[in-house]
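**Q** target_23.cif is reproduced in full below (mmCIF, C-alpha atoms).
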```
data_run
#
loop_
_atom_site.label_atom_id
_atom_site.label_comp_id
_atom_site.auth_asym_id
_atom_site.auth_seq_id
_atom_site.Cartn_x
_atom_site.Cartn_y
_atom_site.Cartn_z
CA MET Z 1 179.78 30.38 -0.28
CA LYS Z 2 178.79 32.10 2.96
CA THR Z 3 175.65 30.71 4.59
CA LYS Z 4 172.70 33.00 3.88
CA LYS Z 5 170.94 34.46 6.89
CA PHE Z 6 167.19 35.08 6.98
CA ALA Z 7 165.26 37.14 9.49
CA VAL Z 8 161.76 35.75 10.07
CA VAL Z 9 159.21 38.16 11.57
CA LEU Z 10 156.28 36.66 13.48
CA ALA Z 11 153.00 38.37 14.39
CA GLY Z 12 152.17 36.19 17.40
CA ASN Z 13 151.15 32.53 17.54
CA GLY Z 14 147.85 31.42 16.01
CA VAL Z 15 146.05 32.08 12.74
CA PHE Z 16 143.19 34.23 14.07
CA ASP Z 17 145.13 36.72 16.22
CA GLY Z 18 148.80 36.03 15.51
CA ALA Z 19 151.17 34.26 13.12
CA GLU Z 20 149.75 31.32 11.17
CA ILE Z 21 151.57 28.39 12.77
CA HIS Z 22 151.92 26.11 9.74
CA GLU Z 23 153.20 28.97 7.57
CA ALA Z 24 155.69 30.04 10.24
CA THR Z 25 156.93 26.50 10.85
CA MET Z 26 157.18 25.68 7.15
CA THR Z 27 159.10 28.92 6.52
CA LEU Z 28 161.67 27.99 9.18
CA TYR Z 29 161.86 24.50 7.69
CA ALA Z 30 162.31 25.79 4.13
CA ILE Z 31 165.18 28.03 5.23
CA ALA Z 32 166.99 25.28 7.16
CA LYS Z 33 166.33 22.69 4.44
CA ASN Z 34 168.05 25.03 1.95
CA ASN Z 35 171.13 25.15 4.21
CA ALA Z 36 170.47 28.74 5.17
CA GLN Z 37 170.14 30.12 8.72
CA TYR Z 38 167.32 31.98 10.41
CA GLU Z 39 166.81 34.27 13.36
CA ILE Z 40 163.30 35.01 14.57
CA PHE Z 41 161.92 38.42 15.53
CA ALA Z 42 158.63 39.88 16.71
CA PRO Z 43 157.60 43.32 17.93
CA ASP Z 44 157.36 43.67 21.71
CA ILE Z 45 153.75 44.92 21.68
CA ASN Z 46 150.42 43.65 22.93
CA GLN Z 47 148.21 41.72 20.52
CA HIS Z 48 145.19 43.60 19.20
CA HIS Z 49 143.08 40.95 20.94
CA VAL Z 50 143.05 37.26 21.89
CA ILE Z 51 140.75 34.92 19.96
CA ASN Z 52 139.46 31.56 21.17
CA HIS Z 53 140.42 29.51 18.10
CA ILE Z 54 137.52 27.07 18.57
CA THR Z 55 134.64 29.52 18.93
CA GLY Z 56 136.15 32.51 17.11
CA GLU Z 57 135.15 34.70 20.05
CA GLU Z 58 137.33 37.26 21.77
CA MET Z 59 138.78 36.21 25.14
CA ASN Z 60 139.16 38.61 28.04
CA GLU Z 61 142.95 38.35 28.06
CA THR Z 62 146.00 40.38 27.10
CA ARG Z 63 148.89 38.67 25.35
CA ASN Z 64 152.19 40.02 24.05
CA VAL Z 65 153.18 39.37 20.42
CA LEU Z 66 156.85 38.69 21.23
CA ILE Z 67 156.11 36.37 24.17
CA GLU Z 68 153.52 34.37 22.21
CA ALA Z 69 155.68 34.18 19.07
CA ALA Z 70 158.43 32.73 21.29
CA ARG Z 71 156.35 29.53 21.41
CA ILE Z 72 156.93 28.98 17.69
CA ALA Z 73 160.58 29.99 18.15
CA ARG Z 74 161.15 27.62 21.12
CA GLY Z 75 162.36 30.65 23.07
CA LYS Z 76 165.00 31.74 20.55
CA ILE Z 77 163.55 35.08 19.49
CA SER Z 78 164.53 38.76 19.65
CA PRO Z 79 162.49 41.94 19.80
CA LEU Z 80 162.15 43.49 16.35
CA SER Z 81 163.86 46.62 17.74
CA ASP Z 82 167.11 44.58 17.76
CA PHE Z 83 166.92 43.88 14.01
CA SER Z 84 169.72 45.26 11.82
CA ALA Z 85 169.43 45.11 8.04
CA ASP Z 86 173.22 45.06 7.82
CA ILE Z 87 173.57 41.52 9.19
CA PHE Z 88 170.78 39.75 7.29
CA ASP Z 89 170.67 38.65 3.66
CA ALA Z 90 166.87 38.45 3.50
CA ILE Z 91 163.71 38.90 5.52
CA VAL Z 92 160.45 36.95 5.39
CA PHE Z 93 157.00 37.49 6.87
CA PRO Z 94 154.78 34.41 7.35
CA GLY Z 95 151.04 35.18 7.41
CA GLY Z 96 148.16 34.96 9.85
CA PHE Z 97 145.62 37.56 10.96
CA GLY Z 98 148.22 38.93 13.37
CA VAL Z 99 149.88 40.59 10.38
CA ALA Z 100 146.64 42.49 9.74
CA LYS Z 101 145.84 43.09 13.43
CA ASN Z 102 149.19 43.42 15.26
CA LEU Z 103 151.80 44.34 12.63
CA SER Z 104 149.28 46.67 10.98
CA ASP Z 105 145.59 47.53 11.21
CA PHE Z 106 144.81 46.28 7.70
CA ALA Z 107 142.04 44.00 9.06
CA PHE Z 108 140.13 47.08 10.17
CA LYS Z 109 141.16 49.84 7.76
CA GLY Z 110 142.10 48.10 4.50
CA SER Z 111 144.12 50.29 2.16
CA GLU Z 112 143.96 53.17 4.69
CA CYS Z 113 145.82 51.05 7.24
CA SER Z 114 149.00 52.03 9.01
CA VAL Z 115 151.87 49.63 9.57
CA ASN Z 116 153.64 49.26 12.91
CA GLU Z 117 156.54 51.72 12.87
CA GLN Z 118 159.26 49.14 13.63
CA VAL Z 119 157.91 46.82 10.95
CA GLU Z 120 157.83 49.70 8.49
CA GLN Z 121 161.44 50.67 9.28
CA VAL Z 122 162.64 47.09 8.87
CA ILE Z 123 160.99 46.73 5.46
CA ILE Z 124 162.39 50.08 4.28
CA ALA Z 125 165.88 49.24 5.55
CA MET Z 126 165.99 45.91 3.69
CA HIS Z 127 164.54 47.50 0.54
CA LYS Z 128 167.19 50.24 0.61
CA GLN Z 129 169.91 47.59 0.72
CA LYS Z 130 168.20 45.75 -2.18
CA LYS Z 131 167.87 42.60 -0.09
CA PRO Z 132 165.07 40.10 -0.79
CA ILE Z 133 161.81 40.56 1.11
CA GLY Z 134 159.47 37.57 1.27
CA ALA Z 135 155.83 37.55 2.37
CA LEU Z 136 153.26 34.76 2.67
CA CYS Z 137 149.47 34.77 2.83
CA ILE Z 138 148.16 38.21 3.94
CA SER Z 139 151.65 39.63 4.69
CA PRO Z 140 152.10 41.02 1.17
CA VAL Z 141 149.62 43.79 2.07
CA ILE Z 142 152.08 45.36 4.50
CA ILE Z 143 154.85 45.24 1.90
CA ALA Z 144 152.46 46.79 -0.64
CA LYS Z 145 151.55 49.52 1.84
CA VAL Z 146 155.09 50.40 2.98
CA LEU Z 147 156.94 50.23 -0.34
CA LYS Z 148 154.08 51.19 -2.70
CA GLY Z 149 154.52 50.51 -6.39
CA VAL Z 150 155.38 46.85 -5.80
CA ASN Z 151 153.77 43.83 -7.44
CA VAL Z 152 152.57 41.12 -5.03
CA THR Z 153 150.14 38.23 -4.75
CA ILE Z 154 147.71 37.26 -2.03
CA GLY Z 155 146.15 34.58 -4.25
CA GLN Z 156 142.81 35.38 -5.84
CA ASP Z 157 140.76 37.41 -3.38
CA ALA Z 158 139.36 40.29 -5.43
CA ASP Z 159 138.62 42.58 -2.48
CA THR Z 160 142.13 42.32 -1.03
CA ALA Z 161 143.61 42.76 -4.52
CA THR Z 162 141.62 46.01 -4.86
CA GLN Z 163 142.92 47.24 -1.50
CA ILE Z 164 146.47 46.55 -2.70
CA GLN Z 165 145.83 48.59 -5.85
CA ASN Z 166 144.37 51.39 -3.71
CA MET Z 167 147.72 51.47 -1.86
CA GLY Z 168 149.50 52.19 -5.13
CA SER Z 169 150.82 48.66 -5.63
CA SER Z 170 149.67 45.96 -8.04
CA HIS Z 171 148.38 42.41 -7.66
CA SER Z 172 148.94 39.20 -9.65
CA ASN Z 173 146.54 36.28 -9.26
CA THR Z 174 148.24 33.01 -8.29
CA ASN Z 175 147.35 29.46 -7.37
CA HIS Z 176 148.70 27.09 -4.68
CA GLY Z 177 152.47 27.23 -4.24
CA GLU Z 178 153.07 29.85 -6.92
CA VAL Z 179 155.44 32.76 -6.23
CA THR Z 180 155.08 36.27 -7.59
CA VAL Z 181 158.50 37.87 -8.09
CA ASP Z 182 158.90 41.65 -8.30
CA GLU Z 183 162.46 41.66 -9.62
CA GLN Z 184 162.86 45.41 -9.48
CA ASN Z 185 162.00 45.57 -5.77
CA ASN Z 186 163.27 42.13 -4.78
CA VAL Z 187 159.86 41.23 -3.33
CA PHE Z 188 158.69 37.58 -3.29
CA THR Z 189 155.12 36.63 -2.35
CA THR Z 190 152.98 33.47 -2.26
CA PRO Z 191 149.31 32.98 -1.24
CA CYS Z 192 149.36 30.02 1.24
CA TYR Z 193 146.19 30.06 3.40
CA MET Z 194 144.76 33.08 1.53
CA LEU Z 195 143.64 30.26 -0.77
CA ASN Z 196 141.62 27.30 0.51
CA ALA Z 197 144.83 25.34 1.04
CA THR Z 198 146.05 22.14 2.66
CA ILE Z 199 149.14 21.93 4.83
CA VAL Z 200 150.94 20.34 1.85
CA ASN Z 201 150.17 23.47 -0.20
CA ILE Z 202 151.64 25.57 2.64
CA ALA Z 203 154.84 23.53 2.70
CA ASP Z 204 155.13 23.93 -1.08
CA GLY Z 205 154.49 27.68 -0.93
CA ALA Z 206 157.03 28.25 1.84
CA MET Z 207 159.64 26.10 0.09
CA ASN Z 208 159.05 27.83 -3.26
CA VAL Z 209 159.24 31.37 -1.92
CA VAL Z 210 162.40 30.71 0.12
CA SER Z 211 164.07 28.85 -2.77
CA LYS Z 212 163.22 31.68 -5.15
CA MET Z 213 164.63 34.29 -2.74
CA LEU Z 214 167.88 32.31 -2.51
CA GLU Z 215 168.18 32.30 -6.31
CA TYR Z 216 168.26 36.10 -6.24
CA MET Z 217 170.85 36.45 -3.47
CA MET M 1 142.51 1.52 -1.13
CA LYS M 2 140.58 3.44 1.50
CA THR M 3 142.28 6.61 2.75
CA LYS M 4 143.90 5.98 6.13
CA LYS M 5 142.69 8.16 8.98
CA PHE M 6 145.00 9.35 11.77
CA ALA M 7 144.01 10.89 15.08
CA VAL M 8 146.60 13.41 16.30
CA VAL M 9 146.53 14.22 20.03
CA LEU M 10 147.95 17.59 21.12
CA ALA M 11 148.99 18.62 24.63
CA GLY M 12 148.55 22.38 24.15
CA ASN M 13 150.56 24.81 22.03
CA GLY M 14 154.20 25.50 22.89
CA VAL M 15 157.20 23.36 23.79
CA PHE M 16 157.54 24.31 27.46
CA ASP M 17 153.92 23.88 28.62
CA GLY M 18 152.09 22.30 25.67
CA ALA M 19 152.61 20.54 22.36
CA GLU M 20 155.90 21.16 20.58
CA ILE M 21 154.79 23.23 17.59
CA HIS M 22 157.29 22.01 14.98
CA GLU M 23 156.64 18.36 15.86
CA ALA M 24 152.88 18.87 15.75
CA THR M 25 152.99 20.73 12.43
CA MET M 26 155.39 18.27 10.83
CA THR M 27 153.23 15.35 11.98
CA LEU M 28 150.18 16.86 10.27
CA TYR M 29 152.28 17.53 7.19
CA ALA M 30 153.68 13.98 7.10
CA ILE M 31 150.16 12.53 7.29
CA ALA M 32 148.78 14.76 4.52
CA LYS M 33 151.89 14.32 2.35
CA ASN M 34 151.34 10.54 2.52
CA ASN M 35 147.78 11.01 1.22
CA ALA M 36 146.26 10.09 4.55
CA GLN M 37 143.79 12.16 6.59
CA TYR M 38 143.98 13.54 10.09
CA GLU M 39 141.65 14.74 12.81
CA ILE M 40 143.05 16.61 15.79
CA PHE M 41 142.13 16.05 19.44
CA ALA M 42 143.11 17.43 22.82
CA PRO M 43 141.75 16.92 26.32
CA ASP M 44 139.46 19.70 27.58
CA ILE M 45 141.48 20.38 30.74
CA ASN M 46 143.52 23.28 32.09
CA GLN M 47 147.26 23.32 31.46
CA HIS M 48 149.44 22.47 34.47
CA HIS M 49 150.82 26.00 34.12
CA VAL M 50 151.67 28.69 31.56
CA ILE M 51 155.34 29.33 30.77
CA ASN M 52 156.77 32.53 29.28
CA HIS M 53 158.77 30.92 26.47
CA ILE M 54 161.41 33.68 26.51
CA THR M 55 162.25 33.75 30.22
CA GLY M 56 161.18 30.21 31.15
CA GLU M 57 159.23 31.65 34.05
CA GLU M 58 155.70 30.77 35.05
CA MET M 59 153.02 33.33 34.11
CA ASN M 60 150.07 34.11 36.35
CA GLU M 61 147.53 32.82 33.82
CA THR M 62 145.25 29.86 33.27
CA ARG M 63 144.98 28.32 29.82
CA ASN M 64 143.00 25.37 28.51
CA VAL M 65 144.79 22.60 26.61
CA LEU M 66 142.00 22.17 24.03
CA ILE M 67 141.60 25.90 23.36
CA GLU M 68 145.35 26.47 23.00
CA ALA M 69 145.86 23.38 20.84
CA ALA M 70 143.15 24.76 18.54
CA ARG M 71 145.74 27.35 17.43
CA ILE M 72 147.83 24.61 15.82
CA ALA M 73 144.66 23.02 14.44
CA ARG M 74 143.34 26.29 12.96
CA GLY M 75 140.12 25.72 14.93
CA LYS M 76 139.44 22.22 13.58
CA ILE M 77 139.82 20.20 16.76
CA SER M 78 137.66 18.00 19.00
CA PRO M 79 137.76 17.21 22.70
CA LEU M 80 139.51 13.91 23.30
CA SER M 81 136.30 12.63 24.94
CA ASP M 82 134.81 12.49 21.40
CA PHE M 83 137.52 10.10 20.16
CA SER M 84 136.41 6.64 18.99
CA ALA M 85 138.99 3.96 18.22
CA ASP M 86 136.51 2.38 15.80
CA ILE M 87 136.79 5.16 13.23
CA PHE M 88 140.57 5.73 13.17
CA ASP M 89 143.29 3.61 11.61
CA ALA M 90 146.08 5.04 13.75
CA ILE M 91 146.85 7.54 16.50
CA VAL M 92 149.92 9.72 16.99
CA PHE M 93 151.19 11.87 19.84
CA PRO M 94 153.61 14.72 18.98
CA GLY M 95 155.85 15.77 21.88
CA GLY M 96 156.43 18.85 24.01
CA PHE M 97 156.51 19.26 27.80
CA GLY M 98 152.69 19.37 27.76
CA VAL M 99 152.76 15.60 27.35
CA ALA M 100 154.68 15.34 30.64
CA LYS M 101 152.72 18.10 32.40
CA ASN M 102 149.17 18.05 30.99
CA LEU M 103 148.61 14.57 29.51
CA SER M 104 150.49 13.04 32.45
CA ASP M 105 152.58 14.16 35.43
CA PHE M 106 155.74 12.47 34.18
CA ALA M 107 157.69 15.75 34.46
CA PHE M 108 157.15 15.69 38.21
CA LYS M 109 156.86 12.01 39.13
CA GLY M 110 158.89 10.11 36.51
CA SER M 111 158.11 6.39 36.40
CA GLU M 112 155.57 6.84 39.22
CA CYS M 113 153.51 9.20 37.06
CA SER M 114 149.86 8.81 36.25
CA VAL M 115 148.44 9.41 32.79
CA ASN M 116 145.30 11.47 32.15
CA GLU M 117 142.40 9.02 32.22
CA GLN M 118 141.05 9.93 28.77
CA VAL M 119 144.51 9.65 27.24
CA GLU M 120 144.98 6.28 28.90
CA GLN M 121 141.63 4.99 27.61
CA VAL M 122 142.41 6.13 24.07
CA ILE M 123 145.79 4.35 24.06
CA ILE M 124 144.28 1.16 25.47
CA ALA M 125 141.40 1.23 22.97
CA MET M 126 143.74 1.55 19.97
CA HIS M 127 146.06 -1.13 21.36
CA LYS M 128 143.14 -3.55 21.82
CA GLN M 129 142.21 -3.09 18.17
CA LYS M 130 145.86 -3.66 17.20
CA LYS M 131 146.02 -0.27 15.48
CA PRO M 132 149.33 1.61 15.15
CA ILE M 133 150.24 4.05 17.93
CA GLY M 134 152.91 6.65 17.13
CA ALA M 135 154.74 8.88 19.61
CA LEU M 136 157.40 11.57 19.14
CA CYS M 137 159.93 13.12 21.52
CA ILE M 138 158.84 12.63 25.18
CA SER M 139 155.42 11.12 24.27
CA PRO M 140 156.74 7.54 24.27
CA VAL M 141 156.85 7.70 28.09
CA ILE M 142 153.05 7.76 28.30
CA ILE M 143 152.76 4.80 25.92
CA ALA M 144 155.40 2.96 28.00
CA LYS M 145 153.46 3.73 31.18
CA VAL M 146 149.99 2.79 29.92
CA LEU M 147 150.82 -0.34 27.92
CA LYS M 148 153.87 -1.55 29.87
CA GLY M 149 156.11 -4.15 28.28
CA VAL M 150 156.54 -2.08 25.11
CA ASN M 151 159.80 -1.11 23.45
CA VAL M 152 160.17 2.59 22.68
CA THR M 153 162.79 5.28 22.04
CA ILE M 154 163.17 8.78 23.40
CA GLY M 155 166.63 9.12 21.84
CA GLN M 156 169.61 8.76 24.16
CA ASP M 157 168.74 10.33 27.52
CA ALA M 158 169.87 7.78 30.10
CA ASP M 159 167.69 9.08 32.92
CA THR M 160 164.47 8.97 30.89
CA ALA M 161 165.43 5.54 29.55
CA THR M 162 165.77 4.31 33.14
CA GLN M 163 162.34 5.71 34.02
CA ILE M 164 160.89 3.81 31.05
CA GLN M 165 162.49 0.58 32.30
CA ASN M 166 161.11 1.27 35.78
CA MET M 167 157.64 1.36 34.19
CA GLY M 168 158.15 -2.18 32.91
CA SER M 169 158.88 -1.17 29.32
CA SER M 170 162.18 -1.13 27.45
CA HIS M 171 164.19 1.54 25.64
CA SER M 172 166.25 1.52 22.44
CA ASN M 173 168.79 4.28 21.79
CA THR M 174 168.28 6.09 18.48
CA ASN M 175 169.66 9.01 16.54
CA HIS M 176 167.98 11.80 14.51
CA GLY M 177 165.06 10.61 12.40
CA GLU M 178 165.30 6.97 13.43
CA VAL M 179 162.13 5.05 14.32
CA THR M 180 161.87 2.28 16.89
CA VAL M 181 159.21 -0.24 15.89
CA ASP M 182 157.63 -2.55 18.45
CA GLU M 183 155.97 -4.93 15.98
CA GLN M 184 154.17 -6.96 18.60
CA ASN M 185 152.45 -3.90 20.09
CA ASN M 186 152.27 -1.81 16.92
CA VAL M 187 154.07 1.07 18.65
CA PHE M 188 156.24 3.49 16.62
CA THR M 189 158.48 6.06 18.30
CA THR M 190 161.12 8.62 17.26
CA PRO M 191 163.21 11.05 19.35
CA CYS M 192 162.77 14.47 17.63
CA TYR M 193 163.63 17.29 20.09
CA MET M 194 164.61 14.82 22.84
CA LEU M 195 167.87 15.02 20.89
CA ASN M 196 169.61 18.33 20.16
CA ALA M 197 167.81 18.53 16.83
CA THR M 198 167.20 21.00 14.01
CA ILE M 199 163.81 21.58 12.43
CA VAL M 200 165.01 19.48 9.47
CA ASN M 201 165.60 16.55 11.85
CA ILE M 202 162.05 17.03 13.17
CA ALA M 203 160.58 16.94 9.68
CA ASP M 204 162.54 13.74 8.97
CA GLY M 205 161.46 12.12 12.23
CA ALA M 206 157.78 12.94 11.71
CA MET M 207 157.89 11.75 8.10
CA ASN M 208 159.69 8.53 9.03
CA VAL M 209 157.38 7.59 11.89
CA VAL M 210 154.20 8.30 9.90
CA SER M 211 155.52 6.45 6.82
CA LYS M 212 156.50 3.47 8.97
CA MET M 213 153.05 3.38 10.61
CA LEU M 214 151.42 3.37 7.17
CA GLU M 215 153.55 0.37 6.13
CA TYR M 216 152.01 -1.61 8.97
CA MET M 217 148.37 -0.69 8.25
#
```
I'd like the structure from this file rewritten - as structure tokens, please.

**A**
Amino acid sequence: MKTKKFAVVLAGNGVFDGAEIHEATMTLYAIAKNNAQYEIFAPDINQHHVINHITGEEMNETRNVLIEAARIARGKISPLSDFSADIFDAIVFPGGFGVAKNLSDFAFKGSECSVNEQVEQVIIAMHKQKKPIGALCISPVIIAKVLKGVNVTIGQDADTATQIQNMGSSHSNTNHGEVTVDEQNNVFTTPCYMLNATIVNIADGAMNVVSKMLEYM
Amino acid sequence: MKTKKFAVVLAGNGVFDGAEIHEATMTLYAIAKNNAQYEIFAPDINQHHVINHITGEEMNETRNVLIEAARIARGKISPLSDFSADIFDAIVFPGGFGVAKNLSDFAFKGSECSVNEQVEQVIIAMHKQKKPIGALCISPVIIAKVLKGVNVTIGQDADTATQIQNMGSSHSNTNHGEVTVDEQNNVFTTPCYMLNATIVNIADGAMNVVSKMLEYM
């Protein structure tokens, strides 16, 4: 059987303004542990802002999503503009506030948000080819926004679930490590740090969502 | 049995100028997966420099080791000056160039390097109390420098092994996931990305070194 190839899209590097690091790392691990391959992508755009992760305050700096995400990728990363749906079997979005601040403006506009155009195109391209789309933590909101009419989970947060419904999608409540599968749309989601989780829960969630995606390939 | 408590010391956030992110994350995971606890520390000092992880070039920026490491720690981190050997059962140092650039100047001076004073004190304090000290990747060089006369591994790099011998310590060659145990000094080391490793190798190495440390507690 040909080795399955995942694209992993990162929103920066750090939970409060970028990609959540444990979710990103555990997603890469889950893919490799399942004998699949990954390539890492991020949009070549500036972050919405830079947050001091100790104080929670904004720092007077400008950082680039692609350059910061390269830290998680150990330098092996490509701009999202290079992505081609033809050469990947699946795509997965780890979470972190960067998804709601850099890949979209969901953090500020909720259901009225817009999604970064490249990110939107990538999701639509994979969906058209009926290839599995995975999303962890808060990332399901961008899938819900772009595809509409999909069923996802972000855990149990009622306000976010309402926003998802307002986008024309639906929400299923889940607990640690559980995966919501929308078979019709090939969309696979798991809550991770949208619940009050430990790093062991994150490893379980990432492993479960990647394993489930592989079952459907 | 009382839950064992690990201190994890980070050198920033990113392989080329800070802590190696996969090693750091997998170390936290290995500790939690073994039903132990962790607290995360980093020195409150500026990084030696900031590297663009795509190009490898230096960026005209100043970043703080503690503030950047907080990204891996999701904000739950303390300055290394707050560390007390009395309240921890073990300490572990993930790798990354930050260990050789921020926690010491090994990257520039080899065996003639000096180790950050706080880092040195922390290692000596744990060693005096005969508590396990773990080190991944390049981190064993700072243990070798501070304690002298210890046996460690950084994998198979002959030049680094020679530097370790020049410090008055000794080196054992190892392969992916293997742990070198210096029983007399309670020092546990594993090569991780000092070998040409995959993220699965890193997970194995972190799990093996943490599990081995727990056996000796």

**Q** Apply the PyMOL selection byres ((chain Z) within 7 of (chain M)) to the file shown and report the selected residues as a ChimeraX atom specification.

**A** /Z:14-15,21-22,25,29,32-33,52-54,67,70-72,74-75,199-200

**Q** What does the PyMOL selection byres ((chain Z and resi 188) around 8) select in this file, as an NGL selection string?

**A** :Z and (132-135 or 152 or 179-182 or 186-187 or 189-190 or 209 or 212-213)

**Q** Please write the residues picked by the PyMOL selection byres ((chain Z and resi 88) around 8) on this file as a PyMOL selection string.

**A** chain Z and resi 4-7+84-87+89-91

**Q** Got time to write the residues from that selection, C-alpha atoms, as a PDB file, in the frame of the given file?

**A**
```pdb
ATOM      1  CA  LYS Z   4     172.700  33.000   3.880  1.00  0.00           C
ATOM      2  CA  LYS Z   5     170.940  34.460   6.890  1.00  0.00           C
ATOM      3  CA  PHE Z   6     167.190  35.080   6.980  1.00  0.00           C
ATOM      4  CA  ALA Z   7     165.260  37.140   9.490  1.00  0.00           C
ATOM      5  CA  SER Z  84     169.720  45.260  11.820  1.00  0.00           C
ATOM      6  CA  ALA Z  85     169.430  45.110   8.040  1.00  0.00           C
ATOM      7  CA  ASP Z  86     173.220  45.060   7.820  1.00  0.00           C
ATOM      8  CA  ILE Z  87     173.570  41.520   9.190  1.00  0.00           C
ATOM      9  CA  ASP Z  89     170.670  38.650   3.660  1.00  0.00           C
ATOM     10  CA  ALA Z  90     166.870  38.450   3.500  1.00  0.00           C
ATOM     11  CA  ILE Z  91     163.710  38.900   5.520  1.00  0.00           C
TER      12      ILE Z  91
END
```

**Q** State, in Å with one decimal place, the distance from CA of Gly98 in chain Z to CA of Gln37 in chain M.

**A**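 Atom-to-atom, CA of Gly98 in chain Z and CA of Gln37 in chain M are spaced 28.0 Å apart.
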
**Q** Would you work out the distance separating CA of Asp159 in chain Z from CA of Gln121 in chain Z, expressed in Å to one decimal?

**A** 26.9 Å

**Q** Can you tell me, as JSON, the centre and edge lengths (Å, one decimal) of the axis-aligned box enclosing all of range 156-163 of chain Z's listed atoms after padding each side by 8 Å?

**A**
```
{"center_x": 141.1, "center_y": 41.3, "center_z": -3.4, "size_x": 21.0, "size_y": 27.9, "size_z": 20.8}
```

**Q** Between M:Cys137, M:Val150, M:Ile124, M:Ala144, single out the one closest to Pro191 in chain M, counting only C-alpha atoms.

**A**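 With only C-alpha atoms as the atom set, the closest residue is M:Cys137.
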
**Q** Please tell me which residues are no farther than 12 Å from (143.3, 44.7, -2.9) in the file, counting all atoms listed in the file, and write them as an mmCIF file with C-alpha atoms, keeping the file's coordinate frame.

**A**
```
data_model
loop_
_atom_site.group_PDB
_atom_site.id
_atom_site.type_symbol
_atom_site.label_atom_id
_atom_site.label_comp_id
_atom_site.auth_asym_id
_atom_site.auth_seq_id
_atom_site.Cartn_x
_atom_site.Cartn_y
_atom_site.Cartn_z
ATOM 1 C CA PHE Z 106 144.810 46.280 7.700
ATOM 2 C CA GLY Z 110 142.100 48.100 4.500
ATOM 3 C CA SER Z 111 144.120 50.290 2.160
ATOM 4 C CA GLU Z 112 143.960 53.170 4.690
ATOM 5 C CA ILE Z 138 148.160 38.210 3.940
ATOM 6 C CA PRO Z 140 152.100 41.020 1.170
ATOM 7 C CA VAL Z 141 149.620 43.790 2.070
ATOM 8 C CA ILE Z 142 152.080 45.360 4.500
ATOM 9 C CA ALA Z 144 152.460 46.790 -0.640
ATOM 10 C CA LYS Z 145 151.550 49.520 1.840
ATOM 11 C CA ASN Z 151 153.770 43.830 -7.440
ATOM 12 C CA VAL Z 152 152.570 41.120 -5.030
ATOM 13 C CA THR Z 153 150.140 38.230 -4.750
ATOM 14 C CA ILE Z 154 147.710 37.260 -2.030
ATOM 15 C CA GLY Z 155 146.150 34.580 -4.250
ATOM 16 C CA GLN Z 156 142.810 35.380 -5.840
ATOM 17 C CA ASP Z 157 140.760 37.410 -3.380
ATOM 18 C CA ALA Z 158 139.360 40.290 -5.430
ATOM 19 C CA ASP Z 159 138.620 42.580 -2.480
ATOM 20 C CA THR Z 160 142.130 42.320 -1.030
ATOM 21 C CA ALA Z 161 143.610 42.760 -4.520
ATOM 22 C CA THR Z 162 141.620 46.010 -4.860
ATOM 23 C CA GLN Z 163 142.920 47.240 -1.500
ATOM 24 C CA ILE Z 164 146.470 46.550 -2.700
ATOM 25 C CA GLN Z 165 145.830 48.590 -5.850
ATOM 26 C CA ASN Z 166 144.370 51.390 -3.710
ATOM 27 C CA MET Z 167 147.720 51.470 -1.860
ATOM 28 C CA GLY Z 168 149.500 52.190 -5.130
ATOM 29 C CA SER Z 169 150.820 48.660 -5.630
ATOM 30 C CA SER Z 170 149.670 45.960 -8.040
ATOM 31 C CA HIS Z 171 148.380 42.410 -7.660
ATOM 32 C CA SER Z 172 148.940 39.200 -9.650
ATOM 33 C CA ASN Z 173 146.540 36.280 -9.260
#
```

**Q** What is the distance between CA of Glu120 in chain M and CA of Gly149 in chain M, in Å to one decimal?

**A**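 CA of Glu120 in chain M sits 15.3 Å away from CA of Gly149 in chain M.
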
**Q** I need the residue nearest Val50 in chain M from this list: M:Thr62, M:Asn102, M:Gln129, M:Asn175. Use all atoms listed in the file for the distance.

**A**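 Distance minimum relative to Val50 in chain M lands on M:Thr62.
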
**Q** If you count only C-alpha atoms, which residues fall within 9 Å of Arg63 in chain Z, apart from same-chain ones fewer than 5 positions away, as number ranges by chain?

**A** Z: 12, 45-50, 68
